[in-house]
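Here's the structure, in C-alpha cells; my notes come after.
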Amino acid sequence: MKKILYLFFVFLNLNAELVLEITESSDNPYRIAIHDFDGQALISNEISSIIKADLQRTGEFSVLSSDELLAEETYQEELNYKNYRLLGVDYILKGIIDSKDEMNITVSYDIYDSVKEKKIRSSKIYGIPNKTRQLAHYVSDGIYEEITGLKGVSSTKMLYVSEGLAGSAKVYKLMLADADGMNEQTLLKSNSAIISPSWSPDSKDIAYVSFETGLAKVFIQNIATGSREVAVKNKYQISSPAFSPDGKFLSLTLYQDGNAEIYILNLENKNLTRLTNHYSIDTESSWSPDGKKILFTSGRSGSPQLYEIDLLKFNTKPKRLTFDGNYNAKASYLPSNEGIVFVQRNEGEFKIALKYFNENFSRPLTESRLDESPSISPNGNVIVYAIKEDKVGLLAGVTLSGAKFRLPSSSGEVREPSWSGYLR
Amino acid sequence: MYIQSKNRNIFYVSFLMFAVSCSTTNNTEESVYNSTVSSVEVSVAEDSVVSYDEKPITTNAVVYFDFDKFTLSTKSIQTLKSVVRAMNENPDMLITVSGHADERGTREYNLALGQRRGDAVKDYLLLNGINDNRVTVKSFGEEYPLVTGSNEASWSKNRRAEIN
C-alpha cells in the first residue's frame, strides 16, 4: 500500500544553475540501505533523495532504497539483520519525519550495523522553516561521520564566480551555493571580473579580488549584511587574499614594490608585514592548518614553483617544495597537513595534483587539459576545481577515494570554486 | 572446576556485550544553523568601466609575448620605438600599459605575469627617455581575453600588453 507513494516521487528546487552529475565511484563503497522515512510523503521523498545524492557524491557509499530491499524487510519493526547481509548491506538507516507544524520539521534517525547487529547511532535534528535541504544535509553528515569517522561536508557551502551576458554586456557574479550546487544566492553582481574568492575561518566573511575600480583590489565582505570594504587602501594593484586559520590575518599579494610580493595584513590594526622579497613573481599564498607556515608560488627558479615559509623562522630562505615539471602553482595544504594540492603542468596540459610530504613525487588527480583553482573540502576528502569543456568553464570534483563528479552550469560559465569550513 | 569457570566467563562476556552495546550507540541532537545572505550589486561609473568587450583594442599599439614570458621580441621593440616617437612628439601624452595573459595557468600567477609584461614595456620606454610619471601599468591577467578559444592561435593573441 505504501508503495503507491513512489508514483509521487518529486524533486524540488530543480531551478539551480549547477547540476550535479556523478561520473565515477570508488571501488569498495559502504553499502547502506535507506528506508523511506515515516511521515509526510513529499517531505520524506525529498529528504531521502537529497541524502542519497549526498552519500553517493562522496564516492564512498552505495545506497539501496526501499524499493531495492526485500519487500518484507521494508516495514518491519524488528530488523532481520541476516536478510540485509544477504543483500550485502553494511548499514541500515531508518527515520521519522515530524512535520505536524508545516514550518517546523524535525527528523529523528537511527543507524544500524548489520554485522554487529545493533543500533550504532540515534540522532535528532531540529529544522528551521524553508531549510529542508539543509536538514537533509545534516542527516547525510551524521551518517557519514558515524560510518567513516570523518566529519561530513554535505552541509558546507561553496563560493564560485559565474560569467554570463546581459544583452551584450558581461555580467560577473560571486555566488554562494550548497556543496551540492543547489540553493544558489548571489553575493556580488558586477560588470567587472571577480577572482580568488576565499572564506574566513568562521565562514562569516569572504575576501575576493574585484576589478571594479579598473585595478585589481581585495575586498572583504560580510555574507549576512553584505557590507564590504577594501582590505588595503592604496593606489596599487592588490590580489590573492587568504585568511589565517585564526581569522586575525589576511595574506595577500601587493604590487607596490614594482613586483608581486606577499604581505600579511593584521586585520585588527591594519598593519602590513612584508613576507617575500624577490625580483620575480611571488603570489598565491595559503596558510598551513596550524597557521605557522605559508605556501606560495614563486617564479624565482625561472618557472612557477611552490615554496614554503616558516613564519616562526622569519627571514630564513623559503623552502622549495616542487621539482618535477616546469609549472607548479596555486597550492593549498590538506587539512591534515600531510601534503599539498596544486595545479601542475604536464606535457602541455594543466592538471590538479597531490603531493604528500613523505613522498618525493606528485600524483595527478584529474585528466582534462585546463584544470585550475583547486579547493579542498574541510574534511580533506574532496577537491573541487574548475575545468574548461568546449570553451565553457564548469566545476568538477574528485575525492581522495577516487570518485569523480561534475557540477556543470546550465547557464553561462562557472569557475573559481572555494569551499567553506564546517557550518554545523 | 573447568566447567565452573567457563560458565562464569559466559556471564562476563554477555554482561560486557550488553555494556558495549549500550555505550556505543551514539546519541546526538542538533539544530539546523540559520544563516542570512545579502546580495550586493556594484554599479561602476560609466567612465571607469573597463570595456574590453566593446573596444577590444583601445590602443594604437599592442605587443605580444611567449607563454610564461615577459621578454620583448624584436618585433615588439619596433612597435615600442614608434610609441617613444609618438610620446616625444606629444609631450603631454600620458599612457597606460595593460598587461594580459592567456587562459593557461593559474589566474593569480597570470595577474602577476600581466604586470611583468606591462613593466617590461614601461622599462623599455623609460630606458628610451620617457619620464616615469607618464606611464601607468595595470594588469588584467587572463580575465579579459581578446580572442576566445583554447588553441595556440587564440592564446598568442591574448598574451599581450596594450598601450593607450
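As shown in the C-alpha cells, the chain order sets the letters A, B, ...; within each chain, residues go from 1, and ligands are also counted from 1 in the order they appear.
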Find the residues in chain A near chain B: any atom within 6 Å counts, using only C-alpha atoms. Write them as a short mmCIF file (atom, residue, chain, number, x, y, z; two decimals) with all heavy atoms, in the first residue's frame.
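Full text of selection_33.cif as output:
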```
data_model
loop_
_atom_site.label_atom_id
_atom_site.label_comp_id
_atom_site.auth_asym_id
_atom_site.auth_seq_id
_atom_site.Cartn_x
_atom_site.Cartn_y
_atom_site.Cartn_z
N ILE A 120 23.80 1.73 16.04
CA ILE A 120 25.05 2.40 16.39
C ILE A 120 24.88 3.91 16.56
O ILE A 120 25.75 4.58 17.08
CB ILE A 120 26.17 2.12 15.36
CG1 ILE A 120 25.74 2.49 13.93
CG2 ILE A 120 26.61 0.66 15.43
CD1 ILE A 120 26.88 2.47 12.93
N ARG A 121 23.77 4.45 16.09
CA ARG A 121 23.57 5.89 16.27
C ARG A 121 22.08 6.21 16.32
O ARG A 121 21.30 5.60 15.60
CB ARG A 121 24.22 6.67 15.12
CG ARG A 121 24.16 8.20 15.29
CD ARG A 121 24.72 8.86 14.04
NE ARG A 121 24.66 10.33 14.08
CZ ARG A 121 25.72 11.11 14.33
NH1 ARG A 121 26.90 10.59 14.57
NH2 ARG A 121 25.58 12.42 14.32
N SER A 122 21.75 7.16 17.16
CA SER A 122 20.38 7.63 17.26
C SER A 122 20.44 9.15 17.33
O SER A 122 21.02 9.69 18.26
CB SER A 122 19.75 7.04 18.52
OG SER A 122 18.39 7.37 18.54
N SER A 123 19.89 9.83 16.33
CA SER A 123 20.07 11.28 16.25
C SER A 123 18.75 11.99 15.98
O SER A 123 17.84 11.44 15.37
CB SER A 123 21.06 11.64 15.14
OG SER A 123 22.33 11.16 15.45
N LYS A 124 18.70 13.23 16.42
CA LYS A 124 17.51 14.06 16.20
C LYS A 124 17.98 15.42 15.70
O LYS A 124 18.92 16.01 16.27
CB LYS A 124 16.76 14.20 17.53
CG LYS A 124 15.37 14.74 17.37
CD LYS A 124 14.60 14.60 18.69
CE LYS A 124 13.13 14.94 18.48
NZ LYS A 124 12.37 14.85 19.72
N ILE A 125 17.36 15.91 14.65
CA ILE A 125 17.74 17.22 14.10
C ILE A 125 16.50 18.11 14.02
O ILE A 125 15.48 17.72 13.45
CB ILE A 125 18.39 17.08 12.71
CG1 ILE A 125 19.62 16.18 12.80
CG2 ILE A 125 18.80 18.45 12.17
CD1 ILE A 125 20.10 15.70 11.47
N TYR A 126 16.61 19.29 14.62
CA TYR A 126 15.51 20.26 14.58
C TYR A 126 15.72 21.19 13.40
O TYR A 126 16.73 21.89 13.32
CB TYR A 126 15.48 21.06 15.89
CG TYR A 126 15.30 20.20 17.11
CD1 TYR A 126 16.40 19.78 17.87
CD2 TYR A 126 14.04 19.77 17.49
CE1 TYR A 126 16.24 18.96 18.98
CE2 TYR A 126 13.87 18.95 18.60
CZ TYR A 126 14.98 18.55 19.34
OH TYR A 126 14.81 17.74 20.43
N GLY A 127 14.77 21.20 12.49
CA GLY A 127 14.89 22.05 11.31
C GLY A 127 14.39 23.45 11.58
O GLY A 127 13.82 23.74 12.64
N THR A 186 23.26 35.07 -4.89
CA THR A 186 24.27 36.00 -5.41
C THR A 186 24.81 36.86 -4.29
O THR A 186 24.05 37.50 -3.57
CB THR A 186 23.64 36.91 -6.49
OG1 THR A 186 23.04 36.08 -7.48
CG2 THR A 186 24.69 37.80 -7.13
N LEU A 187 26.12 36.86 -4.12
CA LEU A 187 26.73 37.72 -3.10
C LEU A 187 27.17 39.05 -3.69
O LEU A 187 27.17 40.07 -3.03
CB LEU A 187 27.96 37.02 -2.48
CG LEU A 187 27.68 35.74 -1.71
CD1 LEU A 187 28.98 35.17 -1.16
CD2 LEU A 187 26.70 36.00 -0.57
N LEU A 188 27.60 39.01 -4.96
CA LEU A 188 28.06 40.23 -5.62
C LEU A 188 27.78 40.12 -7.11
O LEU A 188 28.06 39.09 -7.72
CB LEU A 188 29.58 40.41 -5.40
CG LEU A 188 30.21 41.63 -6.07
CD1 LEU A 188 29.79 42.92 -5.40
CD2 LEU A 188 31.73 41.52 -6.07
N LYS A 189 27.23 41.19 -7.66
CA LYS A 189 26.97 41.24 -9.10
C LYS A 189 27.75 42.44 -9.62
O LYS A 189 27.66 43.53 -9.05
CB LYS A 189 25.47 41.41 -9.34
CG LYS A 189 25.05 41.28 -10.77
CD LYS A 189 23.54 41.42 -10.88
CE LYS A 189 23.15 41.60 -12.34
NZ LYS A 189 21.78 42.07 -12.47
N SER A 190 28.51 42.25 -10.70
CA SER A 190 29.38 43.32 -11.17
C SER A 190 29.56 43.23 -12.67
O SER A 190 29.36 42.18 -13.27
CB SER A 190 30.74 43.18 -10.46
OG SER A 190 31.67 44.10 -10.99
N GLY A 214 38.85 49.28 -11.96
CA GLY A 214 39.77 49.32 -13.09
C GLY A 214 41.13 48.75 -12.73
O GLY A 214 42.02 48.63 -13.59
N ILE A 223 28.91 38.09 4.71
CA ILE A 223 27.87 37.37 3.97
C ILE A 223 26.47 37.78 4.43
O ILE A 223 25.60 38.02 3.60
CB ILE A 223 28.06 35.84 4.12
CG1 ILE A 223 29.35 35.42 3.40
CG2 ILE A 223 26.87 35.08 3.55
CD1 ILE A 223 29.66 33.94 3.52
N ALA A 224 26.27 37.91 5.73
CA ALA A 224 24.94 38.20 6.25
C ALA A 224 24.48 39.62 5.91
O ALA A 224 23.35 39.83 5.49
CB ALA A 224 24.92 37.98 7.76
N THR A 225 25.36 40.61 6.08
CA THR A 225 24.94 42.00 5.91
C THR A 225 25.24 42.55 4.53
O THR A 225 24.64 43.54 4.11
CB THR A 225 25.65 42.92 6.92
OG1 THR A 225 27.06 42.92 6.63
CG2 THR A 225 25.42 42.45 8.36
N GLY A 226 26.19 41.96 3.81
CA GLY A 226 26.59 42.49 2.51
C GLY A 226 27.53 43.67 2.61
O GLY A 226 27.97 44.22 1.59
#
```
Name all residues at most 12 Å from Glu78 (chain A) (count only C-alpha atoms; drop same-chain ones fewer than 6 positions away) and give them as a PDB file with N, CA, C and O atoms, in the first residue's frame.
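Result saved to selection_12.pdb:
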```
ATOM      1  N   GLU A  72       9.474  -7.654   2.408  1.00  0.00           N
ATOM      2  CA  GLU A  72       9.033  -7.914   3.779  1.00  0.00           C
ATOM      3  C   GLU A  72       9.913  -7.167   4.798  1.00  0.00           C
ATOM      4  O   GLU A  72       9.512  -6.936   5.919  1.00  0.00           O
ATOM      5  N   LYS A  94      16.997   4.170   9.309  1.00  0.00           N
ATOM      6  CA  LYS A  94      15.542   4.321   9.459  1.00  0.00           C
ATOM      7  C   LYS A  94      15.286   5.657  10.121  1.00  0.00           C
ATOM      8  O   LYS A  94      16.052   6.078  10.992  1.00  0.00           O
ATOM      9  N   TYR A 112      21.826   1.408  11.932  1.00  0.00           N
ATOM     10  CA  TYR A 112      22.085   0.055  12.436  1.00  0.00           C
ATOM     11  C   TYR A 112      23.244  -0.549  11.664  1.00  0.00           C
ATOM     12  O   TYR A 112      23.408  -0.296  10.474  1.00  0.00           O
ATOM     13  N   GLU A 117      24.933  -6.276  14.312  1.00  0.00           N
ATOM     14  CA  GLU A 117      23.526  -6.485  14.658  1.00  0.00           C
ATOM     15  C   GLU A 117      23.080  -5.581  15.789  1.00  0.00           C
ATOM     16  O   GLU A 117      22.499  -6.032  16.785  1.00  0.00           O
ATOM     17  N   LYS A 118      23.383  -4.306  15.648  1.00  0.00           N
ATOM     18  CA  LYS A 118      22.888  -3.378  16.673  1.00  0.00           C
ATOM     19  C   LYS A 118      22.795  -1.949  16.143  1.00  0.00           C
ATOM     20  O   LYS A 118      23.360  -1.608  15.103  1.00  0.00           O
ATOM     21  N   LYS A 119      22.066  -1.157  16.905  1.00  0.00           N
ATOM     22  CA  LYS A 119      21.921   0.256  16.581  1.00  0.00           C
ATOM     23  C   LYS A 119      23.221   0.963  16.975  1.00  0.00           C
ATOM     24  O   LYS A 119      23.712   0.769  18.092  1.00  0.00           O
TER      25      LYS A 119
END
```
Going by DSSP on the backbone, which bits of region 57-148 of chain B are strand (DSSP E or B)? Write them as a compact mmCIF listing (two decimals) with N, CA, C and O atoms, in the first residue's frame, please.
```
# COMPACT_ATOMS: atom_id res chain seq x y z
N ALA B 61 48.84 50.60 -30.09
CA ALA B 61 49.97 49.68 -30.04
C ALA B 61 49.68 48.48 -29.14
O ALA B 61 49.16 48.62 -28.05
N VAL B 62 50.00 47.29 -29.65
CA VAL B 62 49.91 46.07 -28.85
C VAL B 62 51.20 45.28 -29.07
O VAL B 62 51.66 45.18 -30.21
N VAL B 63 51.79 44.78 -27.99
CA VAL B 63 52.94 43.90 -28.17
C VAL B 63 52.59 42.53 -27.59
O VAL B 63 51.79 42.42 -26.66
N TYR B 64 53.18 41.48 -28.17
CA TYR B 64 52.82 40.12 -27.80
C TYR B 64 54.00 39.39 -27.16
O TYR B 64 55.16 39.73 -27.37
N ILE B 95 50.31 57.64 -20.94
CA ILE B 95 49.82 56.34 -21.42
C ILE B 95 49.61 55.34 -20.28
O ILE B 95 50.21 55.44 -19.21
N THR B 96 48.71 54.39 -20.56
CA THR B 96 48.50 53.26 -19.65
C THR B 96 48.89 51.99 -20.40
O THR B 96 48.46 51.78 -21.54
N VAL B 97 49.69 51.17 -19.77
CA VAL B 97 50.06 49.87 -20.35
C VAL B 97 49.29 48.80 -19.60
O VAL B 97 49.40 48.69 -18.38
N SER B 98 48.46 48.02 -20.32
CA SER B 98 47.67 46.95 -19.69
C SER B 98 48.23 45.60 -20.09
O SER B 98 48.20 45.23 -21.26
N GLY B 99 48.70 44.85 -19.10
CA GLY B 99 49.28 43.54 -19.36
C GLY B 99 48.22 42.44 -19.27
O GLY B 99 47.34 42.49 -18.40
N VAL B 135 53.80 57.06 -17.53
CA VAL B 135 53.42 55.68 -17.85
C VAL B 135 52.81 54.99 -16.62
O VAL B 135 53.43 54.92 -15.57
N THR B 136 51.57 54.49 -16.77
CA THR B 136 50.92 53.72 -15.71
C THR B 136 50.77 52.28 -16.17
O THR B 136 50.39 52.04 -17.32
N VAL B 137 51.08 51.34 -15.28
CA VAL B 137 50.96 49.92 -15.64
C VAL B 137 49.83 49.28 -14.84
O VAL B 137 49.69 49.52 -13.64
N LYS B 138 49.01 48.48 -15.51
CA LYS B 138 47.95 47.70 -14.87
C LYS B 138 48.02 46.29 -15.40
O LYS B 138 48.50 46.07 -16.51
N SER B 139 47.49 45.35 -14.64
CA SER B 139 47.38 44.01 -15.19
C SER B 139 45.95 43.53 -15.10
O SER B 139 45.24 43.83 -14.13
```
_From A:Thr213, A:Ile147, A:Ser44, A:Tyr84, residue lying nearest Phe61 (chain A) [only C-alpha atoms]_ =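 Selected residue with least distance to Phe61 (chain A): A:Ile147.
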*Contacts of Gly291 (chain A) at 12 Å (only C-alpha atoms; same-chain gap of 2+ positions) as an MDAnalysis selection string*: chainID A and resid 201 242:251 286:289 293:295 309:312 333 335 337
Output file for the selection above: C-alpha atoms, as a PDB file, in the first residue's frame:
```
ATOM      1  CA  PRO A 201      37.701  30.516   9.052  1.00  0.00           C
ATOM      2  CA  ALA A 242      43.830  34.196   2.187  1.00  0.00           C
ATOM      3  CA  PHE A 243      42.629  34.327   5.815  1.00  0.00           C
ATOM      4  CA  SER A 244      44.853  32.869   8.516  1.00  0.00           C
ATOM      5  CA  PRO A 245      43.321  29.879  10.379  1.00  0.00           C
ATOM      6  CA  ASP A 246      42.689  32.069  13.458  1.00  0.00           C
ATOM      7  CA  GLY A 247      40.971  34.732  11.316  1.00  0.00           C
ATOM      8  CA  LYS A 248      43.201  37.541  12.604  1.00  0.00           C
ATOM      9  CA  PHE A 249      45.350  37.988   9.496  1.00  0.00           C
ATOM     10  CA  LEU A 250      44.919  38.124   5.746  1.00  0.00           C
ATOM     11  CA  SER A 251      47.825  37.229   3.491  1.00  0.00           C
ATOM     12  CA  SER A 286      47.925  29.968   1.562  1.00  0.00           C
ATOM     13  CA  TRP A 287      48.229  29.105   5.256  1.00  0.00           C
ATOM     14  CA  SER A 288      49.093  25.784   6.850  1.00  0.00           C
ATOM     15  CA  PRO A 289      46.269  24.397   9.070  1.00  0.00           C
ATOM     16  CA  LYS A 293      53.613  28.224   7.569  1.00  0.00           C
ATOM     17  CA  ILE A 294      52.738  29.915   4.314  1.00  0.00           C
ATOM     18  CA  LEU A 295      52.798  28.212   0.955  1.00  0.00           C
ATOM     19  CA  ILE A 309      57.946  29.932   4.501  1.00  0.00           C
ATOM     20  CA  ASP A 310      58.127  29.065   8.182  1.00  0.00           C
ATOM     21  CA  LEU A 311      56.583  32.076   9.955  1.00  0.00           C
ATOM     22  CA  LEU A 312      58.356  31.204  13.193  1.00  0.00           C
ATOM     23  CA  TYR A 333      47.617  22.359   2.379  1.00  0.00           C
ATOM     24  CA  PRO A 335      43.646  19.933   6.407  1.00  0.00           C
ATOM     25  CA  ASN A 337      48.849  18.890   6.960  1.00  0.00           C
TER      26      ASN A 337
END
```
